[in-house]
Each structure stands twice: as structure tokens, then as C-alpha cells.
Amino acid sequence: MKITPLGAAGGEVTGSCYSVQTKNARILVDCGLFQGGKKSEALNRPPLAPNRRLDAVILTHGHLDHTGRLPLLAKMGYDGPVYGTPATLDMTGLILRDSARLQVADNDRRNRRRMRAAQPLQQPLYTPDDAEAIISRLRPVPYHQPFAVAPGIKAVWADSGHMLGSASIQLLVEEDGRTKRVVFSGDLGPRSALILREYEPFQEADLVFLESTYGGRDHRDFRETVTEFVRIVQESVKSGGKILVPTFAVGRAQLITLLLAWMFRTGKAKPFPIFLDSPMAIEATNIYMRHKEIFDDQMTKFIGDRPLRADLKTMKTTATADESRAINDVAGACLVMAGAGMCNAGRIVHHLKANLWKPGTHVLIVGYQGHGSLGRQLVDGAKEVKIFGEPVAVKAKIHTLGGFSAHAGQTDLLHWFSQIAPSKPRVVLTHGEDDQRAALAKLLQKKFRLPSVSPAMGETIEL
Ligand SMILES: [Zn+2]
């Protein structure tokens with residue numbers, strides 16, 4: 001069997017995709033988009049030549065960097081199945097529709113520039129039709145049961161605790177009368193995360209592909225981060241200003257919503273106005289509420305004791321742009337969650353422009369801020385920023401909370417791996433920058449006496 005990483009390898013963190021080829025079949029594990037800058041985005045081509053056999057695609061989870069190239073498969077004529085857990089498929093639909101819309105909008109904008117420069121116009125990477133074509137191929141699979149995905153290949157999905165529906169996958173591959181086991185960790189979540197169940201490590205593998213996003217460090221402690229969140233919200237409400245929370249639509253937005261419900265229920269704060277100002281986050285929250293069956297015990301009890309609705313009477317969802325603009329006129333303390341998570345686009349930019357110059361405003365940074373983003377400038381303490389070409393003074397208080405990551409830190413990665421280590425698998429590190437992979441490789445050698453390799457993109461591993 002031959003396994004080739006076609007993304008998220010060789011130091012690249014996005015574009016997750018593996019080709020698994022046996023004598024009898026070929027499947028892809030994930031089919032993600034490359035993101036974050038022109039150099040990465042230039043890699044966004046179909047993962048396979050159109051004439052290659054492809055029996056199935058299987059998904060670890062719905063994030064764009066694991067699913068965003070799927071419409072390219074539809075575009076080149078693939079009409080086979082795409083398997084994933086039910087919640088993953090719901091998230092994949094939401095995320096691919098949004099991605100296709102953005103691809104078209106970006107391309108239109110670039111075409112206007114090309115037109116003015118008398119350059120030839122270009123087609124978008126893919127369109128909503130391509131996204132719908134592949135969404136119609138999504139097929140749900142159960143957790144924990146070996147499921148035949150292609151001739152001679154069964155796959156088992158188990159929780160990975162990273163996002164709603166996320167999973168690690170174990171492949172059972174039969175060739176020449178022998179069964180070999182290959183495990184893909186997928187993205188692993190931190191064990192301390194709320195809402196989702198903890199990851200369930202596999203016990204046996206001949207070969208493991210282990211993510212290494214945070215192979216070199218741990219996050220801030222989750223409980224400490226919650227304590228800090230409570231303190232900041234309490235103080236901000238007292239000061240009467242707006243609290244702006246840039247959030248990704250899926251994951252962080254639901255976590256913050258849950259924490260606020262918990263604060264109101266336990267009397268840590270009196271209910272005050274909250275706005276979920278993101279059509280996509282509203283839809284993602286609806287998907288969460290359709291999949292209560294995969295919540296962890298704590299969350300199940302929390303919503304079983306009393307519906308979240310009862311705690312969140314002061315929460316409004318604002319789907320339209322007019323409703324979003326009306327938030328400007330709200331007097332007194334309120335909290336606004338809006339995208340994009342790095343403040344580089346979306347409704348949050350309008351809220352920042354309208355409020356950053358006011359000393360009573362608080363900005364709560366709860367996620368990673370990429371180099372060069374507006375969010376990163378705020379975290380780095382900029383006194384003035386440019387928004388839509390206009391200088392805006394930063395008088396708001398900027399708070400950075402480090403412990404709400406959806407990714408396992410080093411300690412959890414090692415803990416997950418410790419369960420499978422006794423089966424002495426070959427180890428391949430992917431989905432991490434060079435320093436993170438190197439740090440994790442060193443620890444795997446030291447703790448488990450297992451060497452690991454870090455292949456380049458397109459470098460085939462034979463088993
Ligand atoms: Zn992910």
C-alpha cells in the first residue's frame with residue numbers, strides 16, 4: 001500500500017489530504033484547502049489527475065483546511081461517495097457553501113482589477129454549483145463500527161474532540177490475505193474542552209499519521225482562561241462599554257455562547273444584551289443543537305437541567321446587514337460576536353471601526369491571529385490602525401485569552417499517542433510547522449523510543 005500526503009506536510013499546516021492506494025483501490029483521506037497567503041493558495045489544484053481511479057473520499061472533520069478542495073473533485077467529474085460522521089457532513093455542507101460564495105466574490109473583485117489593467121479575466125477556483133455537486137455525494141457513517149469504504153478497505157471513526165463531529169480514523173486494509181492498520185489522528189482537540197467528548201485514542205496501528213500543530217508547546221490552562229474570561233466580562237459590563245469578540249463561526253462562537261449562559265445561570269453576571277452577529281455562526285449553532293447526541297456528559301447535564309434558551313433570553317441573532325448596523329445604536333454594555341476570527345474581513349471590522357476609538361470598548365481576542373492581520377496588530381498593542389483606508393485610534397482595552405484553542409497542546413498529543421505506542425507503529429508527523437514537528441519528534445523518541453518521519457508533500461510512504 002502506498003500513502004502520499006498531498007497537503008499539510010513538509011511544514012505546510014493547511015490543505016490536509018492523503019492518497020491511500022492499494023492493489024485494489026484508491027481513496028483520499030480529507031481533501032482540504034490551502035489557506036493563508038498567496039504561496040499556499042497557489043497550491044489549490046485538484047489532488048489527483050482526472051483520469052486516476054478514485055473509489056471514495058473519507059473525512060476526519062468539516063474544517064475548510066480538511067474539506068475545501070472537495071468541490072474541485074466534483075468539477076473534474078468525481079461522483080463517488082464522500083464519507084464522514086453525520087455532524088461532520090452537516091458542517092462540511094455549511095463550510096463548502098460559504099467557501100464557494102467567497103471564491104466567487106474574491107474572483108469577481110480580482111476580475112474588476114484585471115479588467116482595469118487590460119488583463120485576461122479568470123474563473124473562480126470553484127462555484128456554488130461545484131459545491132452542491134459534491135455535497136450531494138456526502139454519505140454518513142456511524143462511529144466505532146468498521147465500515148467498508150472501498151474494495152479491501154474498512155474505516156473506523158472515533159472521536160477526536162476537536163470540532164463537532166470530528167474524528168480520528170483507523171483504516172483496516174486487506175492485501176494479500178493480511179490486514180494492516182493505518183491510523184490518521186485527524187486534528188485532535190484538548191482534553192479540557194467543553195461541549196465535545198474527549199478524544200478516543202486507537203490502541204493499534206502499523207502506521208500512524210499524527211498531527212503536530214502544537215507539537216512544541218502547551219496552551220494556557222483552560223480553567224484559568226475561563227476565570228479570566230469571567231473577570232473581563234464582569235469588569236467590562238461594569239464599565240458600560242461594548243465587548244467585541246472576533247470569532248470564527250464554528251467552535252469558538254458556540255463556546256463563548258455557552259460560557260455566557262453558564263455565567264447567567266450561576267449568577268456570575270446579570271443577563272445583558274448579547275449579539276451573535278454572523279449568519280454562518282447562527283447556522284453552525286443550529287447544527288450543534290441538531291447533534292446533542294455527541295455532546296459530553298457535562299454539556300448534556302447542563303442543557304438537561306434547563307434549556308440554554310432560558311439562560312440566553314438577552315441573546316439576539318442578527319442575520320441581516322441592517323440588523324448588524326443597528327447594534328451601533330445599542331446603549332450600555334453589550335457583547336458582540338462576529339467574524340472573521342482574525343478581524344481581516346467581515347462584520348467585526350465594521351464594529352471595530354465604530355468602537356475602537358472609544359475608551360470604554362473592550363476587545364476580547366479568543367483565537368489565533370495570523371501575521372499581518374488587523375487582529376494581530378491589536379494584540380501587538382498598535383495605538384492606531386487603518387480600517388478601510390482610514391486611521392482609527394485604538395483607545396479600547398485589548399484582552400488576549402490564550403486557552404480556548406481547539407487543538408491539543410503537546411501534553412495531550414503525547415497522551416493520545418501513549419495509547420497506541422505499545423503497538424510499536426511507524427510514525428509520520430504532519431500538519432505542523434517545522435519547529436513544532438521537530439519538538440514532537442524528539443519527545444516521541446525520548447518517551448517511546450519510536451523514530452518518526454516528516455515527509456514532504458507528494459513523498460510516498462510504502463507499507
Ligand atoms: Zn481542524
# chains A, B, ... in the order shown; residues from 1 in each chain; ligands from 1
$ residues_near_ligand --ligand "ligand 1" --cutoff "8 Å" --atoms "only C-alpha atoms and all ligand atoms" --output "PyMOL selection string"
chain A and resi 61-66+162-163+186-188+406-407
$ residues_around --residues "stretch 141-157 of chain A" --least-positions-apart "4" --cutoff "9 Å" --atoms "only C-alpha atoms" --output "ChimeraX atom specification"
/A:22,24-27,55-58,60,81,83-86,166-175
$ residues_around --residues "stretch 369-374 of chain A" --least-positions-apart "6" --cutoff "10 Å" --atoms "only C-alpha atoms" --output "NGL selection string"
:A and (36 or 341-345 or 349 or 352 or 380 or 382 or 385-387)
$ select_by_dssp --residues "stretch 404-460 of chain A" --states "strand (DSSP E or B)" --output "VMD selection string"
chain A and resid 426 to 430 452 to 453
$ write_last_selection --atoms "N, CA and C atoms" --output "mmCIF file, in the first residue's frame"
data_model
loop_
_atom_site.group_PDB
_atom_site.id
_atom_site.type_symbol
_atom_site.label_atom_id
_atom_site.label_comp_id
_atom_site.auth_asym_id
_atom_site.auth_seq_id
_atom_site.Cartn_x
_atom_site.Cartn_y
_atom_site.Cartn_z
ATOM 1 N N ARG A 426 4.958 2.579 13.006
ATOM 2 C CA ARG A 426 5.791 3.598 12.348
ATOM 3 C C ARG A 426 5.048 4.923 12.496
ATOM 4 N N VAL A 427 5.774 6.007 12.668
ATOM 5 C CA VAL A 427 5.119 7.291 12.954
ATOM 6 C C VAL A 427 5.467 8.321 11.881
ATOM 7 N N VAL A 428 4.428 8.979 11.394
ATOM 8 C CA VAL A 428 4.624 10.056 10.424
ATOM 9 C C VAL A 428 4.013 11.331 11.004
ATOM 10 N N LEU A 429 4.807 12.395 11.067
ATOM 11 C CA LEU A 429 4.304 13.661 11.608
ATOM 12 C C LEU A 429 3.899 14.581 10.466
ATOM 13 N N THR A 430 2.665 15.078 10.541
ATOM 14 C CA THR A 430 2.183 16.018 9.525
ATOM 15 C C THR A 430 1.472 17.173 10.238
ATOM 16 N N SER A 452 10.384 8.950 14.121
ATOM 17 C CA SER A 452 9.278 9.394 13.275
ATOM 18 C C SER A 452 9.846 10.070 12.041
ATOM 19 N N VAL A 453 9.055 10.119 10.996
ATOM 20 C CA VAL A 453 9.485 10.812 9.785
ATOM 21 C C VAL A 453 8.517 11.956 9.491
#
$ residues_around --residues "A:Arg217" --least-positions-apart "5" --cutoff "9 Å" --atoms "only C-alpha atoms" --output "list in words"
Gly409, Gln410, Thr411, Gln436 and Ala439 of chain A
$ write_last_selection --atoms "C-alpha atoms" --output "short mmCIF file (atom, residue, chain, number, x, y, z; two decimals), in the first residue's frame"
data_model
loop_
_atom_site.label_atom_id
_atom_site.label_comp_id
_atom_site.auth_asym_id
_atom_site.auth_seq_id
_atom_site.Cartn_x
_atom_site.Cartn_y
_atom_site.Cartn_z
CA GLY A 409 -1.26 21.01 23.07
CA GLN A 410 1.92 18.97 23.36
CA THR A 411 0.91 17.13 26.57
CA GLN A 436 6.61 22.04 16.15
CA ALA A 439 9.98 19.20 19.07
#
$ residues_around --residues "stretch 2-14 of chain A" --least-positions-apart "2" --cutoff "7 Å" --atoms "only C-alpha atoms" --output "count of residues only"
27
$ residues_around --residues "A:Phe448" --least-positions-apart "3" --cutoff "12 Å" --atoms "only C-alpha atoms" --output "list in words"
Leu414, His415, Phe417, Ser418, Gln419, Ile420, Ala421, Pro422, Ser423, Lys424, Pro425, Arg426, Val427, Leu440, Ala441, Lys442, Leu443, Leu444, Gln445, Pro451 and Ser452 of chain A
$ write_last_selection --atoms "C-alpha atoms" --output "JSON list (two decimals), in the first residue's frame"
[["chain", "number", "residue", "atom", "x", "y", "z"],
["A", 414, "LEU", "CA", 1.64, 12.72, 23.77],
["A", 415, "HIS", "CA", -1.18, 11.36, 25.91],
["A", 417, "PHE", "CA", -0.16, 8.74, 21.31],
["A", 418, "SER", "CA", 0.75, 6.89, 24.52],
["A", 419, "GLN", "CA", -2.31, 4.66, 24.00],
["A", 420, "ILE", "CA", -1.20, 3.46, 20.58],
["A", 421, "ALA", "CA", 2.55, 3.47, 21.26],
["A", 422, "PRO", "CA", 2.68, -0.10, 22.72],
["A", 423, "SER", "CA", 1.71, -1.49, 19.29],
["A", 424, "LYS", "CA", 5.03, -0.02, 18.02],
["A", 425, "PRO", "CA", 3.73, 1.75, 14.91],
["A", 426, "ARG", "CA", 5.79, 3.60, 12.35],
["A", 427, "VAL", "CA", 5.12, 7.29, 12.95],
["A", 440, "LEU", "CA", 7.37, 16.43, 18.96],
["A", 441, "ALA", "CA", 9.69, 14.03, 17.11],
["A", 442, "LYS", "CA", 12.30, 14.47, 19.83],
["A", 443, "LEU", "CA", 9.79, 13.66, 22.58],
["A", 444, "LEU", "CA", 8.39, 10.59, 20.77],
["A", 445, "GLN", "CA", 11.94, 9.25, 20.55],
["A", 451, "PRO", "CA", 11.58, 7.31, 15.47],
["A", 452, "SER", "CA", 9.28, 9.39, 13.28]]
$ atom_distance --atom1 "atom CA of A:Leu72" --atom2 "atom CA of A:Ser278"
26.8 Å
$ decode --residues "stretch 156-255 of chain A" --atoms "C-alpha atoms" --output "PDB file, in the first residue's frame"
ATOM      1  CA  VAL A 156     -13.408   3.133  11.776  1.00  0.00           C
ATOM      2  CA  TRP A 157     -14.250   6.629  13.039  1.00  0.00           C
ATOM      3  CA  ALA A 158     -13.599   7.574  16.716  1.00  0.00           C
ATOM      4  CA  ASP A 159     -13.978  10.949  18.469  1.00  0.00           C
ATOM      5  CA  SER A 160     -11.034  13.336  18.224  1.00  0.00           C
ATOM      6  CA  GLY A 161     -12.521  16.105  20.427  1.00  0.00           C
ATOM      7  CA  HIS A 162     -11.574  18.936  18.035  1.00  0.00           C
ATOM      8  CA  MET A 163     -14.838  20.165  16.490  1.00  0.00           C
ATOM      9  CA  LEU A 164     -18.426  18.927  16.304  1.00  0.00           C
ATOM     10  CA  GLY A 165     -18.319  15.519  14.574  1.00  0.00           C
ATOM     11  CA  SER A 166     -14.520  15.401  14.372  1.00  0.00           C
ATOM     12  CA  ALA A 167     -12.829  12.016  14.339  1.00  0.00           C
ATOM     13  CA  SER A 168      -9.622  10.082  14.097  1.00  0.00           C
ATOM     14  CA  ILE A 169      -9.799   7.293  11.535  1.00  0.00           C
ATOM     15  CA  GLN A 170      -8.347   3.788  11.585  1.00  0.00           C
ATOM     16  CA  LEU A 171      -8.100   2.063   8.218  1.00  0.00           C
ATOM     17  CA  LEU A 172      -8.161  -1.732   8.079  1.00  0.00           C
ATOM     18  CA  VAL A 173      -6.572  -2.593   4.765  1.00  0.00           C
ATOM     19  CA  GLU A 174      -6.608  -6.127   3.412  1.00  0.00           C
ATOM     20  CA  GLU A 175      -3.941  -7.022   0.888  1.00  0.00           C
ATOM     21  CA  ASP A 176      -2.608 -10.481   0.037  1.00  0.00           C
ATOM     22  CA  GLY A 177      -4.545 -12.074   2.892  1.00  0.00           C
ATOM     23  CA  ARG A 178      -3.090  -9.772   5.559  1.00  0.00           C
ATOM     24  CA  THR A 179      -4.769  -6.870   7.342  1.00  0.00           C
ATOM     25  CA  LYS A 180      -2.757  -3.747   8.027  1.00  0.00           C
ATOM     26  CA  ARG A 181      -3.887  -0.902  10.237  1.00  0.00           C
ATOM     27  CA  VAL A 182      -3.233   2.729   9.441  1.00  0.00           C
ATOM     28  CA  VAL A 183      -4.384   5.439  11.838  1.00  0.00           C
ATOM     29  CA  PHE A 184      -4.918   9.102  10.970  1.00  0.00           C
ATOM     30  CA  SER A 185      -5.169  11.197  14.125  1.00  0.00           C
ATOM     31  CA  GLY A 186      -7.014  13.954  12.242  1.00  0.00           C
ATOM     32  CA  ASP A 187      -6.950  17.199  14.216  1.00  0.00           C
ATOM     33  CA  LEU A 188      -7.003  16.382  17.934  1.00  0.00           C
ATOM     34  CA  GLY A 189      -8.716  18.604  20.482  1.00  0.00           C
ATOM     35  CA  PRO A 190      -7.614  19.461  24.013  1.00  0.00           C
ATOM     36  CA  ARG A 191      -8.943  17.121  26.703  1.00  0.00           C
ATOM     37  CA  SER A 192     -10.177  20.053  28.793  1.00  0.00           C
ATOM     38  CA  ALA A 193     -12.508  21.461  26.104  1.00  0.00           C
ATOM     39  CA  LEU A 194     -16.184  21.972  26.921  1.00  0.00           C
ATOM     40  CA  ILE A 195     -19.179  20.685  24.909  1.00  0.00           C
ATOM     41  CA  LEU A 196     -17.384  17.904  22.986  1.00  0.00           C
ATOM     42  CA  ARG A 197     -16.405  14.487  24.235  1.00  0.00           C
ATOM     43  CA  GLU A 198     -12.733  13.814  24.786  1.00  0.00           C
ATOM     44  CA  TYR A 199     -10.726  12.142  22.032  1.00  0.00           C
ATOM     45  CA  GLU A 200     -10.745   8.333  21.956  1.00  0.00           C
ATOM     46  CA  PRO A 201      -7.276   7.074  21.052  1.00  0.00           C
ATOM     47  CA  PHE A 202      -6.942   3.902  18.958  1.00  0.00           C
ATOM     48  CA  GLN A 203      -4.901   1.121  20.536  1.00  0.00           C
ATOM     49  CA  GLU A 204      -3.326  -0.472  17.495  1.00  0.00           C
ATOM     50  CA  ALA A 205      -1.614   0.604  14.305  1.00  0.00           C
ATOM     51  CA  ASP A 206       1.149  -0.418  11.916  1.00  0.00           C
ATOM     52  CA  LEU A 207       1.444   3.187  10.798  1.00  0.00           C
ATOM     53  CA  VAL A 208       0.234   6.422  12.433  1.00  0.00           C
ATOM     54  CA  PHE A 209      -0.146   9.860  10.891  1.00  0.00           C
ATOM     55  CA  LEU A 210      -0.026  12.222  13.863  1.00  0.00           C
ATOM     56  CA  GLU A 211      -0.901  15.914  13.670  1.00  0.00           C
ATOM     57  CA  SER A 212       1.690  18.221  15.223  1.00  0.00           C
ATOM     58  CA  THR A 213       0.131  21.714  15.124  1.00  0.00           C
ATOM     59  CA  TYR A 214       1.167  22.336  18.743  1.00  0.00           C
ATOM     60  CA  GLY A 215       3.857  19.645  18.988  1.00  0.00           C
ATOM     61  CA  GLY A 216       6.209  22.126  20.614  1.00  0.00           C
ATOM     62  CA  ARG A 217       4.113  23.696  23.358  1.00  0.00           C
ATOM     63  CA  ASP A 218       1.076  23.630  25.616  1.00  0.00           C
ATOM     64  CA  HIS A 219      -1.731  26.185  25.701  1.00  0.00           C
ATOM     65  CA  ARG A 220      -2.667  28.311  28.671  1.00  0.00           C
ATOM     66  CA  ASP A 221      -4.704  26.296  31.177  1.00  0.00           C
ATOM     67  CA  PHE A 222      -8.363  26.149  30.148  1.00  0.00           C
ATOM     68  CA  ARG A 223      -9.818  26.691  33.636  1.00  0.00           C
ATOM     69  CA  GLU A 224      -7.573  29.685  34.256  1.00  0.00           C
ATOM     70  CA  THR A 225      -8.692  31.079  30.910  1.00  0.00           C
ATOM     71  CA  VAL A 226     -12.351  30.691  31.875  1.00  0.00           C
ATOM     72  CA  THR A 227     -11.667  32.511  35.175  1.00  0.00           C
ATOM     73  CA  GLU A 228     -10.007  35.319  33.253  1.00  0.00           C
ATOM     74  CA  PHE A 229     -12.912  35.447  30.784  1.00  0.00           C
ATOM     75  CA  VAL A 230     -15.396  35.790  33.670  1.00  0.00           C
ATOM     76  CA  ARG A 231     -13.348  38.595  35.243  1.00  0.00           C
ATOM     77  CA  ILE A 232     -13.040  40.528  31.973  1.00  0.00           C
ATOM     78  CA  VAL A 233     -16.768  40.232  31.209  1.00  0.00           C
ATOM     79  CA  GLN A 234     -17.687  41.351  34.750  1.00  0.00           C
ATOM     80  CA  GLU A 235     -15.384  44.389  34.597  1.00  0.00           C
ATOM     81  CA  SER A 236     -16.446  45.357  31.068  1.00  0.00           C
ATOM     82  CA  VAL A 237     -20.127  45.215  31.949  1.00  0.00           C
ATOM     83  CA  LYS A 238     -19.447  47.443  34.957  1.00  0.00           C
ATOM     84  CA  SER A 239     -17.697  49.994  32.708  1.00  0.00           C
ATOM     85  CA  GLY A 240     -20.762  50.023  30.421  1.00  0.00           C
ATOM     86  CA  GLY A 241     -18.891  49.657  27.116  1.00  0.00           C
ATOM     87  CA  LYS A 242     -19.231  47.278  24.209  1.00  0.00           C
ATOM     88  CA  ILE A 243     -17.373  43.973  24.306  1.00  0.00           C
ATOM     89  CA  LEU A 244     -16.322  42.906  20.826  1.00  0.00           C
ATOM     90  CA  VAL A 245     -15.356  39.274  20.321  1.00  0.00           C
ATOM     91  CA  PRO A 246     -13.929  38.365  16.912  1.00  0.00           C
ATOM     92  CA  THR A 247     -14.804  34.692  16.417  1.00  0.00           C
ATOM     93  CA  PHE A 248     -14.699  32.006  13.811  1.00  0.00           C
ATOM     94  CA  ALA A 249     -18.265  30.906  13.075  1.00  0.00           C
ATOM     95  CA  VAL A 250     -17.746  27.329  14.174  1.00  0.00           C
ATOM     96  CA  GLY A 251     -16.416  26.314  17.583  1.00  0.00           C
ATOM     97  CA  ARG A 252     -15.316  29.445  19.419  1.00  0.00           C
ATOM     98  CA  ALA A 253     -18.657  31.229  18.890  1.00  0.00           C
ATOM     99  CA  GLN A 254     -20.542  28.314  20.483  1.00  0.00           C
ATOM    100  CA  LEU A 255     -18.031  28.047  23.340  1.00  0.00           C
TER     101      LEU A 255
END
